[in-house]
$ cat final24.cif   # mmCIF, C-alpha atoms
data_work
#
loop_
_atom_site.label_atom_id
_atom_site.label_comp_id
_atom_site.auth_asym_id
_atom_site.auth_seq_id
_atom_site.Cartn_x
_atom_site.Cartn_y
_atom_site.Cartn_z
CA MET A 1 0.00 0.00 0.00
CA LEU A 2 1.28 3.48 -0.87
CA LYS A 3 1.08 6.35 1.57
CA VAL A 4 -0.30 9.73 0.49
CA ARG A 5 2.75 11.49 1.89
CA SER A 6 5.11 9.30 -0.13
CA ILE A 7 3.11 10.01 -3.29
CA GLU A 8 3.29 13.74 -2.70
CA ASP A 9 7.02 13.66 -1.96
CA ASP A 10 8.04 11.13 -4.61
CA VAL A 11 7.73 12.96 -7.94
CA PRO A 12 11.19 12.93 -9.57
CA LEU A 13 12.34 15.69 -11.92
CA LEU A 14 11.96 13.91 -15.27
CA GLN A 15 8.32 13.09 -14.52
CA GLN A 16 7.50 16.60 -15.77
CA HIS A 17 7.82 15.46 -19.39
CA GLU A 18 4.78 14.08 -21.24
CA TRP A 19 5.02 10.37 -21.97
CA PRO A 20 5.39 8.92 -24.53
CA PRO A 21 7.72 11.67 -25.82
CA ALA A 22 5.52 12.63 -28.77
CA TYR A 23 3.88 15.72 -30.19
CA PRO A 24 0.09 15.92 -29.79
CA PHE A 25 -1.83 14.31 -32.64
CA ALA A 26 -2.17 16.51 -35.73
CA ALA A 27 -3.39 14.27 -38.56
CA PHE A 28 -3.15 10.75 -39.91
CA ALA A 29 -0.72 10.14 -42.75
CA PRO A 30 -2.63 10.67 -46.03
CA GLU A 31 -2.32 6.99 -47.01
CA LEU A 32 -3.81 5.81 -43.71
CA ASP A 33 -6.52 8.45 -43.84
CA ALA A 34 -7.55 7.19 -47.29
CA PHE A 35 -7.42 3.56 -46.10
CA LEU A 36 -9.81 4.32 -43.24
CA GLN A 37 -12.44 5.47 -45.72
CA LEU A 38 -12.42 2.23 -47.74
CA SER A 39 -14.83 -0.66 -47.42
CA VAL A 40 -13.50 -3.95 -46.05
CA SER A 41 -13.27 -5.48 -49.52
CA GLU A 42 -11.42 -2.42 -50.83
CA GLN A 43 -9.00 -2.54 -47.91
CA ARG A 44 -8.27 -6.20 -48.55
CA ALA A 45 -7.69 -5.55 -52.22
CA GLN A 46 -5.27 -2.70 -51.46
CA LEU A 47 -3.29 -4.79 -48.99
CA ALA A 48 -3.12 -7.72 -51.42
CA ALA A 49 -1.78 -5.42 -54.14
CA GLN A 50 0.89 -4.03 -51.81
CA ARG A 51 2.35 -7.50 -51.19
CA ALA A 52 4.13 -7.28 -54.55
CA HIS A 53 6.16 -4.41 -53.06
CA PRO A 54 7.45 -5.75 -49.72
CA GLU A 55 9.04 -2.53 -48.47
CA ARG A 56 5.93 -0.47 -49.14
CA HIS A 57 3.74 -3.22 -47.74
CA GLY A 58 5.72 -3.58 -44.50
CA ALA A 59 5.94 0.17 -44.01
CA PHE A 60 2.24 0.79 -44.53
CA VAL A 61 1.02 -2.06 -42.33
CA ASN A 62 3.36 -1.27 -39.45
CA ASP A 63 3.05 2.52 -39.58
CA ALA A 64 -0.74 2.26 -39.77
CA LEU A 65 -0.92 -0.13 -36.83
CA GLY A 66 1.42 2.08 -34.82
CA ALA A 67 -0.94 5.02 -35.34
CA ILE A 68 -3.98 2.94 -34.42
CA TYR A 69 -2.36 1.59 -31.25
CA GLY A 70 -1.71 5.22 -30.34
CA TYR A 71 -5.49 5.57 -30.30
CA VAL A 72 -5.86 2.41 -28.19
CA TYR A 73 -3.48 3.63 -25.49
CA GLY A 74 -4.96 7.11 -25.36
CA TYR A 75 -1.95 9.32 -24.67
CA GLN A 76 -1.72 12.86 -26.04
CA ASP A 77 -0.60 11.58 -29.45
CA SER A 78 -3.93 9.76 -29.80
CA PRO A 79 -6.32 11.05 -32.46
CA LEU A 80 -9.02 10.86 -29.79
CA TYR A 81 -7.21 12.33 -26.79
CA LEU A 82 -9.85 13.51 -24.26
CA ARG A 83 -12.71 13.02 -26.71
CA THR A 84 -14.75 10.37 -28.48
CA ASP A 85 -15.93 10.01 -32.05
CA ASP A 86 -18.09 6.95 -32.70
CA ASP A 87 -17.68 7.00 -36.48
CA LEU A 88 -13.90 7.38 -36.37
CA GLU A 89 -13.55 4.71 -33.70
CA ALA A 90 -15.61 2.28 -35.78
CA GLN A 91 -13.33 2.97 -38.76
CA LEU A 92 -10.22 2.50 -36.64
CA GLN A 93 -11.39 -0.77 -35.10
CA ARG A 94 -12.49 -2.23 -38.42
CA SER A 95 -9.25 -1.19 -40.12
CA LYS A 96 -7.23 -2.48 -37.18
CA MET A 97 -8.59 -5.99 -37.69
CA GLU A 98 -7.71 -6.00 -41.40
CA LEU A 99 -4.21 -4.66 -40.77
CA GLU A 100 -3.60 -7.14 -37.95
CA ARG A 101 -4.64 -10.05 -40.14
CA GLU A 102 -2.28 -8.78 -42.81
CA LEU A 103 0.54 -8.41 -40.28
CA VAL A 104 0.44 -12.01 -39.10
CA GLU A 105 -0.65 -13.84 -42.27
CA HIS A 106 1.40 -12.01 -44.89
CA PHE A 107 4.18 -10.14 -43.11
CA LEU A 108 5.27 -12.23 -40.11
CA VAL A 109 4.00 -15.69 -41.18
CA PRO A 110 4.99 -17.55 -37.99
CA PRO A 111 5.04 -21.37 -38.04
CA PRO A 112 2.10 -23.18 -36.43
CA PRO A 113 2.54 -24.88 -33.04
CA PRO A 114 3.36 -28.59 -32.92
CA ALA A 115 0.20 -30.66 -32.90
CA GLY A 116 -1.20 -32.40 -29.83
CA LEU A 117 1.07 -31.22 -27.03
CA GLY A 118 -0.39 -31.53 -23.56
CA LEU A 119 0.64 -29.42 -20.60
CA LYS A 120 3.81 -31.32 -19.63
CA ASP A 121 5.21 -31.62 -23.16
CA GLY A 122 4.08 -28.10 -24.01
CA CYS A 123 5.95 -26.66 -21.02
CA GLU A 124 9.09 -28.53 -22.02
CA TYR A 125 8.73 -27.25 -25.58
CA LEU A 126 8.35 -23.67 -24.34
CA ARG A 127 11.25 -23.94 -21.90
CA THR A 128 13.52 -24.98 -24.76
CA TYR A 129 12.05 -22.51 -27.25
CA VAL A 130 12.61 -19.56 -24.91
CA LEU A 131 16.33 -20.42 -24.83
CA GLU A 132 16.80 -21.45 -28.46
CA ASN A 133 14.41 -19.50 -30.69
CA PRO A 134 16.09 -17.65 -33.58
CA GLY A 135 15.70 -14.25 -31.92
CA VAL A 136 17.93 -15.14 -28.96
CA THR A 137 21.21 -15.34 -30.88
CA HIS A 138 20.43 -12.84 -33.62
CA PRO A 139 23.70 -11.31 -34.92
CA LEU A 140 22.45 -7.75 -34.37
CA PHE A 141 23.49 -7.97 -30.73
CA ASP A 142 27.02 -9.23 -31.37
CA PHE A 143 27.23 -6.43 -33.95
CA LEU A 144 26.22 -3.88 -31.30
CA ARG A 145 28.71 -5.33 -28.84
CA ASP A 146 31.71 -5.51 -31.15
CA HIS A 147 31.47 -3.20 -34.14
CA VAL A 148 29.07 -0.27 -34.22
CA SER A 149 30.03 3.36 -33.78
CA ALA A 150 28.78 5.71 -31.08
CA ALA A 151 26.43 7.30 -33.62
CA ALA A 152 24.97 3.90 -34.45
CA VAL A 153 24.45 3.08 -30.78
CA LYS A 154 22.65 6.40 -30.22
CA GLU A 155 20.34 5.58 -33.12
CA PHE A 156 19.72 2.13 -31.67
CA LEU A 157 18.88 3.65 -28.28
CA ARG A 158 16.24 5.87 -29.89
CA LEU A 159 14.72 2.78 -31.47
CA GLU A 160 14.73 1.03 -28.09
CA VAL A 161 12.76 3.91 -26.55
CA LEU A 162 10.13 3.66 -29.31
CA ARG A 163 9.89 -0.11 -28.91
CA ASN A 164 9.52 -0.13 -25.11
CA GLU A 165 7.86 3.16 -24.24
CA VAL A 166 4.53 1.69 -23.04
CA VAL A 167 5.76 -1.67 -21.77
CA ASP A 168 4.07 -1.12 -18.40
CA ASP A 169 0.72 -0.64 -20.15
CA GLU A 170 1.36 -3.70 -22.30
CA VAL A 171 1.87 -5.84 -19.20
CA ALA A 172 -1.29 -4.35 -17.69
CA PHE A 173 -3.25 -5.40 -20.80
CA MET A 174 -1.78 -8.91 -20.52
CA ILE A 175 -3.25 -9.35 -17.03
CA VAL A 176 -6.85 -8.92 -18.23
CA GLY A 177 -8.65 -12.25 -18.66
CA LEU A 178 -6.04 -14.38 -16.90
CA GLN A 179 -6.65 -16.12 -13.60
CA GLY A 180 -4.77 -18.02 -10.93
CA PRO A 181 -0.97 -18.47 -11.15
CA MET A 182 -0.73 -16.90 -14.63
CA LYS A 183 -2.44 -13.74 -13.36
CA GLN A 184 -0.26 -13.87 -10.25
CA VAL A 185 3.01 -13.83 -12.19
CA ALA A 186 1.77 -11.24 -14.71
CA THR A 187 0.77 -8.98 -11.81
CA SER A 188 4.19 -9.47 -10.22
CA ASN A 189 5.74 -8.45 -13.53
CA LEU A 190 3.62 -5.28 -13.65
CA TRP A 191 4.60 -4.38 -10.08
CA ASP A 192 8.24 -4.58 -11.16
CA GLU A 193 7.54 -2.55 -14.32
CA CYS A 194 6.02 0.10 -12.05
CA GLY A 195 9.09 0.33 -9.85
CA ASN A 196 7.54 -1.52 -6.89
CA GLY A 197 5.68 1.72 -6.21
CA ARG A 198 8.62 4.11 -6.78
CA LEU A 199 8.28 6.51 -9.72
CA ASP A 200 12.04 6.81 -10.15
CA ARG A 201 12.24 3.03 -10.51
CA PHE A 202 9.51 2.68 -13.13
CA HIS A 203 11.12 0.98 -16.11
CA THR A 204 9.75 3.76 -18.29
CA TYR A 205 11.44 6.27 -15.96
CA TRP A 206 14.74 4.61 -16.84
CA LEU A 207 13.84 5.34 -20.47
CA ARG A 208 13.28 8.97 -19.48
CA GLN A 209 16.80 8.98 -18.05
CA LEU A 210 18.15 7.46 -21.25
CA ILE A 211 16.53 10.21 -23.32
CA ASP A 212 17.70 12.94 -20.98
CA THR A 213 21.29 11.66 -21.12
CA THR A 214 21.58 11.05 -24.87
CA THR A 215 19.36 13.62 -26.59
CA ASP A 216 16.94 16.48 -25.96
CA TRP A 217 13.23 16.01 -25.45
CA ASP A 218 12.18 18.04 -28.46
CA GLY A 219 14.73 16.11 -30.51
CA ILE A 220 13.13 12.75 -29.73
CA ARG A 221 9.70 14.16 -30.59
CA LYS A 222 10.98 15.42 -33.94
CA TYR A 223 12.65 12.07 -34.58
CA ARG A 224 9.38 10.24 -34.00
CA ARG A 225 7.50 12.48 -36.41
CA THR A 226 10.04 12.75 -39.23
CA SER A 227 12.78 10.12 -39.07
CA ALA A 228 11.82 7.02 -37.10
CA PRO A 229 11.93 3.94 -39.37
CA TRP A 230 8.77 1.89 -39.70
CA PHE A 231 10.43 -1.39 -38.69
CA ALA A 232 11.20 -0.13 -35.18
CA ARG A 233 7.63 -1.06 -34.18
CA ILE A 234 7.39 -4.59 -35.53
CA THR A 235 7.61 -6.41 -32.19
CA SER A 236 5.40 -3.94 -30.33
CA ASN A 237 2.79 -4.12 -33.11
CA SER A 238 2.95 -7.91 -32.99
CA LEU A 239 2.35 -7.93 -29.23
CA ASN A 240 -0.34 -5.24 -29.30
CA ARG A 241 -2.27 -7.21 -31.89
CA LEU A 242 -2.58 -9.96 -29.29
CA LEU A 243 -3.10 -7.77 -26.24
CA THR A 244 -6.03 -5.88 -27.76
CA ARG A 245 -7.99 -8.92 -29.00
CA PRO A 246 -9.50 -10.86 -26.05
CA GLY A 247 -9.45 -14.16 -27.93
CA TYR A 248 -5.67 -14.00 -28.10
CA LYS A 249 -4.95 -13.69 -24.38
CA TYR A 250 -2.93 -16.92 -24.20
CA GLN A 251 -1.02 -16.00 -27.35
CA ALA A 252 -0.11 -12.67 -25.72
CA TYR A 253 1.27 -14.54 -22.70
CA GLY A 254 3.42 -16.73 -24.98
CA HIS A 255 4.61 -13.71 -26.96
CA PHE A 256 5.69 -11.88 -23.81
CA LEU A 257 7.36 -15.02 -22.47
CA VAL A 258 9.70 -15.12 -25.47
CA THR A 259 10.54 -11.42 -25.44
CA GLU A 260 11.29 -11.57 -21.70
CA GLY A 261 13.50 -14.60 -22.33
CA TRP A 262 15.83 -12.90 -24.78
CA VAL A 263 16.27 -9.69 -22.76
CA CYS A 264 19.25 -10.95 -20.75
CA PRO A 265 21.41 -12.21 -23.67
CA HIS A 266 20.54 -9.13 -25.74
CA PHE A 267 21.10 -6.58 -22.99
CA GLU A 268 24.40 -8.13 -21.89
CA ARG A 269 25.70 -7.47 -25.41
CA ILE A 270 24.25 -3.96 -25.50
CA VAL A 271 25.94 -3.10 -22.18
CA ALA A 272 29.25 -4.51 -23.45
CA GLY A 273 28.91 -2.28 -26.53
CA LEU A 274 28.20 0.75 -24.36
CA ASN A 275 31.27 -0.02 -22.25
CA ARG A 276 33.43 -0.44 -25.37
CA LEU A 277 32.43 3.06 -26.50
CA GLY A 278 32.73 4.67 -23.07
CA MET A 279 28.96 5.24 -23.02
CA ASP A 280 28.51 3.67 -19.59
CA ASP A 281 26.85 6.66 -17.90
CA PRO A 282 24.26 5.27 -15.45
CA GLY A 283 21.56 7.38 -17.11
CA ILE A 284 22.13 5.43 -20.31
CA ALA A 285 22.95 2.01 -18.93
CA VAL A 286 20.45 1.58 -16.07
CA TYR A 287 17.58 0.42 -18.30
CA PHE A 288 19.74 -2.41 -19.61
CA THR A 289 21.74 -3.34 -16.50
CA ALA A 290 18.64 -3.57 -14.31
CA HIS A 291 16.81 -5.83 -16.77
CA ILE A 292 19.75 -8.22 -16.97
CA SER A 293 19.06 -9.20 -13.36
CA ILE A 294 15.27 -8.80 -13.36
CA ASP A 295 14.00 -10.50 -16.50
CA PRO A 296 15.39 -14.04 -16.05
CA HIS A 297 13.24 -14.22 -12.90
CA HIS A 298 10.21 -13.05 -14.88
CA THR A 299 10.81 -15.75 -17.48
CA ASP A 300 11.03 -18.47 -14.83
CA GLU A 301 7.88 -17.15 -13.13
CA MET A 302 5.93 -17.11 -16.38
CA LEU A 303 6.89 -20.71 -17.15
CA ALA A 304 5.94 -21.73 -13.61
CA GLY A 305 2.60 -19.96 -14.03
CA ILE A 306 1.78 -22.13 -17.04
CA GLN A 307 2.86 -25.33 -15.29
CA SER A 308 0.94 -24.54 -12.10
CA GLN A 309 -2.20 -23.02 -13.62
CA GLN A 310 -5.49 -24.09 -12.08
CA PRO A 311 -7.77 -25.05 -13.65
CA SER A 312 -5.04 -26.88 -15.53
CA LEU A 313 -4.44 -25.84 -19.13
CA GLY A 314 -5.45 -28.19 -21.90
CA ALA A 315 -3.92 -28.81 -25.31
CA ALA A 316 -5.88 -25.94 -26.90
CA GLU A 317 -4.58 -23.36 -24.41
CA VAL A 318 -1.02 -24.72 -24.64
CA ALA A 319 -1.16 -24.46 -28.43
CA GLU A 320 -2.24 -20.82 -28.16
CA ILE A 321 0.69 -19.98 -25.86
CA ILE A 322 3.11 -21.64 -28.30
CA ARG A 323 1.47 -19.83 -31.23
CA GLY A 324 2.15 -16.53 -29.49
CA ALA A 325 5.75 -17.56 -28.76
CA HIS A 326 6.31 -18.36 -32.44
CA THR A 327 4.82 -15.01 -33.42
CA ALA A 328 7.20 -13.17 -31.10
CA ALA A 329 10.23 -14.89 -32.57
CA ALA A 330 9.08 -14.19 -36.14
CA ALA A 331 8.54 -10.52 -35.28
CA GLY A 332 11.89 -10.26 -33.51
CA VAL A 333 13.86 -11.71 -36.41
CA LYS A 334 12.08 -9.41 -38.89
CA MET A 335 12.85 -6.36 -36.79
CA PHE A 336 16.41 -7.28 -35.83
CA ASP A 337 17.30 -8.00 -39.48
CA ARG A 338 16.11 -4.55 -40.52
CA VAL A 339 17.69 -2.72 -37.59
CA GLN A 340 21.05 -4.31 -38.34
CA GLN A 341 20.80 -3.33 -42.02
CA HIS A 342 19.79 0.19 -41.00
CA LEU A 343 22.71 0.67 -38.63
CA SER A 344 25.21 -0.87 -41.05
CA ALA A 345 24.14 1.22 -44.04
CA ARG A 346 23.65 4.58 -42.41
CA LEU A 347 25.52 4.96 -39.18
CA ASN A 348 28.36 2.50 -38.74
CA GLY A 349 31.96 3.58 -39.13
#
$ encode --input "final24.cif" --output "structure tokens"
Amino acid sequence: MLKVRSIEDDVPLLQQHEWPPAYPFAAFAPELDAFLQLSVSEQRAQLAAQRAHPERHGAFVNDALGAIYGYVYGYQDSPLYLRTDDDLEAQLQRSKMELERELVEHFLVPPPPPAGLGLKDGCEYLRTYVLENPGVTHPLFDFLRDHVSAAAVKEFLRLEVLRNEVVDDEVAFMIVGLQGPMKQVATSNLWDECGNGRLDRFHTYWLRQLIDTTTDWDGIRKYRRTSAPWFARITSNSLNRLLTRPGYKYQAYGHFLVTEGWVCPHFERIVAGLNRLGMDDPGIAVYFTAHISIDPHHTDEMLAGIQSQQPSLGAAEVAEIIRGAHTAAAAGVKMFDRVQQHLSARLNG
């Protein structure tokens, strides 16, 4: 339980900045605005035509979903901040479903889960998959550790802010609809994300420190609006697709399980890269160093939650968790491939 006095006395300096660090909503991109006006059949036809042009297709689907999830979360960059509009919301929700289907079926294309796994075999499969999925050892992170320039690392850090800026809200969404041990461990995860009640220990506050140490606040807002690459949001879009559709609640759990599992090996390499470049200021490093110790416990807890769930999970629920885990790995590989290409081509050396 928090005390009123501690709340009043516990507002650290960087809390003054709006979060996420974005300008208030002005307008949808013209292409998304036009897409919202189309019928379902017209939207499907447009998306099918875009598949022949993979870069355009990936950019449109991911940028559009990023804008729509801004509406879902309701911060000041939402098109419906402090207001409602029934017609616009109906357009956004209908378009969201078409774009999400396109994301998973034609952009990510994750493999299906193995057939017929019960709880015991499913847990063993997940325990191995968390350690050995193709996102864990992606070469991007050795590249960050061993080769990239300071400019490339600063670009990467901006992308990390965009990818993780509402992680506490994402965990809060994951809790809805769960019960028993799975809800218990998800709630524990949220309590950690929220600094165990301390604002200056919120994981998003560590991102505030990262921004304050490496750039200026108006600079990150300008970057979001004019320069941020579309592929920086692939994994967050993939997760938000699951979090915001109630029928996918077990998939969301599996997705988050995988992304928690690769934090430690990824962040160890990021920290080594920061040290190599002399960028080991605590304001930069704390987000990564803290997660190296925290997230392995979260992964173990989430696996234990599946194993201990009561009522016990059946094959259908286990398959959904694995489906979400596969989706996370597919999204991670897609994003890490593009980030590595981006840093190599534009900023390295």
$ closest_residue --input "final24.cif" --among "A:Asp33, A:Thr213, A:Val339, A:Leu47" --to "Arg163 (chain A)" --atoms "all atoms listed in the file"
A:Val339
$ closest_atom_pairs --input "final24.cif" --of "region 51-107 of chain A" --to "region 218-232 of chain A" --cutoff "10 Å" --atoms "only C-alpha atoms" --output "JSON lines"
{"residue": "A:Glu55", "atom": "CA", "partner": "A:Trp230", "partner_atom": "CA", "distance": 9.8}
{"residue": "A:Gly58", "atom": "CA", "partner": "A:Phe231", "partner_atom": "CA", "distance": 7.8}
{"residue": "A:Ala59", "atom": "CA", "partner": "A:Trp230", "partner_atom": "CA", "distance": 5.4}
{"residue": "A:Phe60", "atom": "CA", "partner": "A:Trp230", "partner_atom": "CA", "distance": 8.2}
{"residue": "A:Val61", "atom": "CA", "partner": "A:Trp230", "partner_atom": "CA", "distance": 9.1}
{"residue": "A:Asn62", "atom": "CA", "partner": "A:Trp230", "partner_atom": "CA", "distance": 6.3}
{"residue": "A:Asp63", "atom": "CA", "partner": "A:Trp230", "partner_atom": "CA", "distance": 5.8}
{"residue": "A:Ala64", "atom": "CA", "partner": "A:Trp230", "partner_atom": "CA", "distance": 9.5}
{"residue": "A:Gly66", "atom": "CA", "partner": "A:Trp230", "partner_atom": "CA", "distance": 8.8}
$ closest_atom_pairs --input "final24.cif" --of "region 141-238 of chain A" --to "region 294-303 of chain A" --cutoff "7 Å" --atoms "all atoms listed in the file" --output "tab-separated table"
residue	atom	partner	partner_atom	distance
A:Met182	CA	A:Met302	CA	6.9
A:Val185	CA	A:Glu301	CA	6.0
A:Asn189	CA	A:His298	CA	6.6
$ write_last_selection --input "final24.cif" --atoms "C-alpha atoms" --output "PDB file, keeping the file's coordinate frame"
ATOM      1  CA  MET A 182      -0.730 -16.900 -14.630  1.00  0.00           C
ATOM      2  CA  VAL A 185       3.010 -13.830 -12.190  1.00  0.00           C
ATOM      3  CA  ASN A 189       5.740  -8.450 -13.530  1.00  0.00           C
TER       4      ASN A 189
END
$ closest_residue --input "final24.cif" --among "A:Glu102, A:Ile322, A:Phe25, A:Thr327" --to "Tyr71 (chain A)" --atoms "only C-alpha atoms"
A:Phe25
$ residues_around --input "final24.cif" --residues "region 200-204 of chain A" --least-positions-apart "4" --cutoff "7 Å" --atoms "all atoms listed in the file" --output "number ranges by chain"
A: 12, 165, 193-195, 208, 287
$ resolve_selection --input "final24.cif" --expression "the PyMOL selection byres ((chain A and resi 164) around 12)" --output "PyMOL selection string"
chain A and resi 19-21+157-163+165-171+193+203-208+232-237+239-240+259+263+287-288
$ write_last_selection --input "final24.cif" --atoms "C-alpha atoms" --output "CSV table (one decimal), keeping the file's coordinate frame"
chain,number,residue,atom,x,y,z
A,19,TRP,CA,5.0,10.4,-22.0
A,20,PRO,CA,5.4,8.9,-24.5
A,21,PRO,CA,7.7,11.7,-25.8
A,157,LEU,CA,18.9,3.6,-28.3
A,158,ARG,CA,16.2,5.9,-29.9
A,159,LEU,CA,14.7,2.8,-31.5
A,160,GLU,CA,14.7,1.0,-28.1
A,161,VAL,CA,12.8,3.9,-26.6
A,162,LEU,CA,10.1,3.7,-29.3
A,163,ARG,CA,9.9,-0.1,-28.9
A,165,GLU,CA,7.9,3.2,-24.2
A,166,VAL,CA,4.5,1.7,-23.0
A,167,VAL,CA,5.8,-1.7,-21.8
A,168,ASP,CA,4.1,-1.1,-18.4
A,169,ASP,CA,0.7,-0.6,-20.2
A,170,GLU,CA,1.4,-3.7,-22.3
A,171,VAL,CA,1.9,-5.8,-19.2
A,193,GLU,CA,7.5,-2.6,-14.3
A,203,HIS,CA,11.1,1.0,-16.1
A,204,THR,CA,9.8,3.8,-18.3
A,205,TYR,CA,11.4,6.3,-16.0
A,206,TRP,CA,14.7,4.6,-16.8
A,207,LEU,CA,13.8,5.3,-20.5
A,208,ARG,CA,13.3,9.0,-19.5
A,232,ALA,CA,11.2,-0.1,-35.2
A,233,ARG,CA,7.6,-1.1,-34.2
A,234,ILE,CA,7.4,-4.6,-35.5
A,235,THR,CA,7.6,-6.4,-32.2
A,236,SER,CA,5.4,-3.9,-30.3
A,237,ASN,CA,2.8,-4.1,-33.1
A,239,LEU,CA,2.4,-7.9,-29.2
A,240,ASN,CA,-0.3,-5.2,-29.3
A,259,THR,CA,10.5,-11.4,-25.4
A,263,VAL,CA,16.3,-9.7,-22.8
A,287,TYR,CA,17.6,0.4,-18.3
A,288,PHE,CA,19.7,-2.4,-19.6
$ residues_around --input "final24.cif" --residues "Thr187 (chain A)" --least-positions-apart "4" --cutoff "10 Å" --atoms "all atoms listed in the file" --output "list in words"
Val171, Ala172, Met174, Ile175, Val176, Pro181, Met182, Lys183, Trp191, Asp192 and Glu193 of chain A
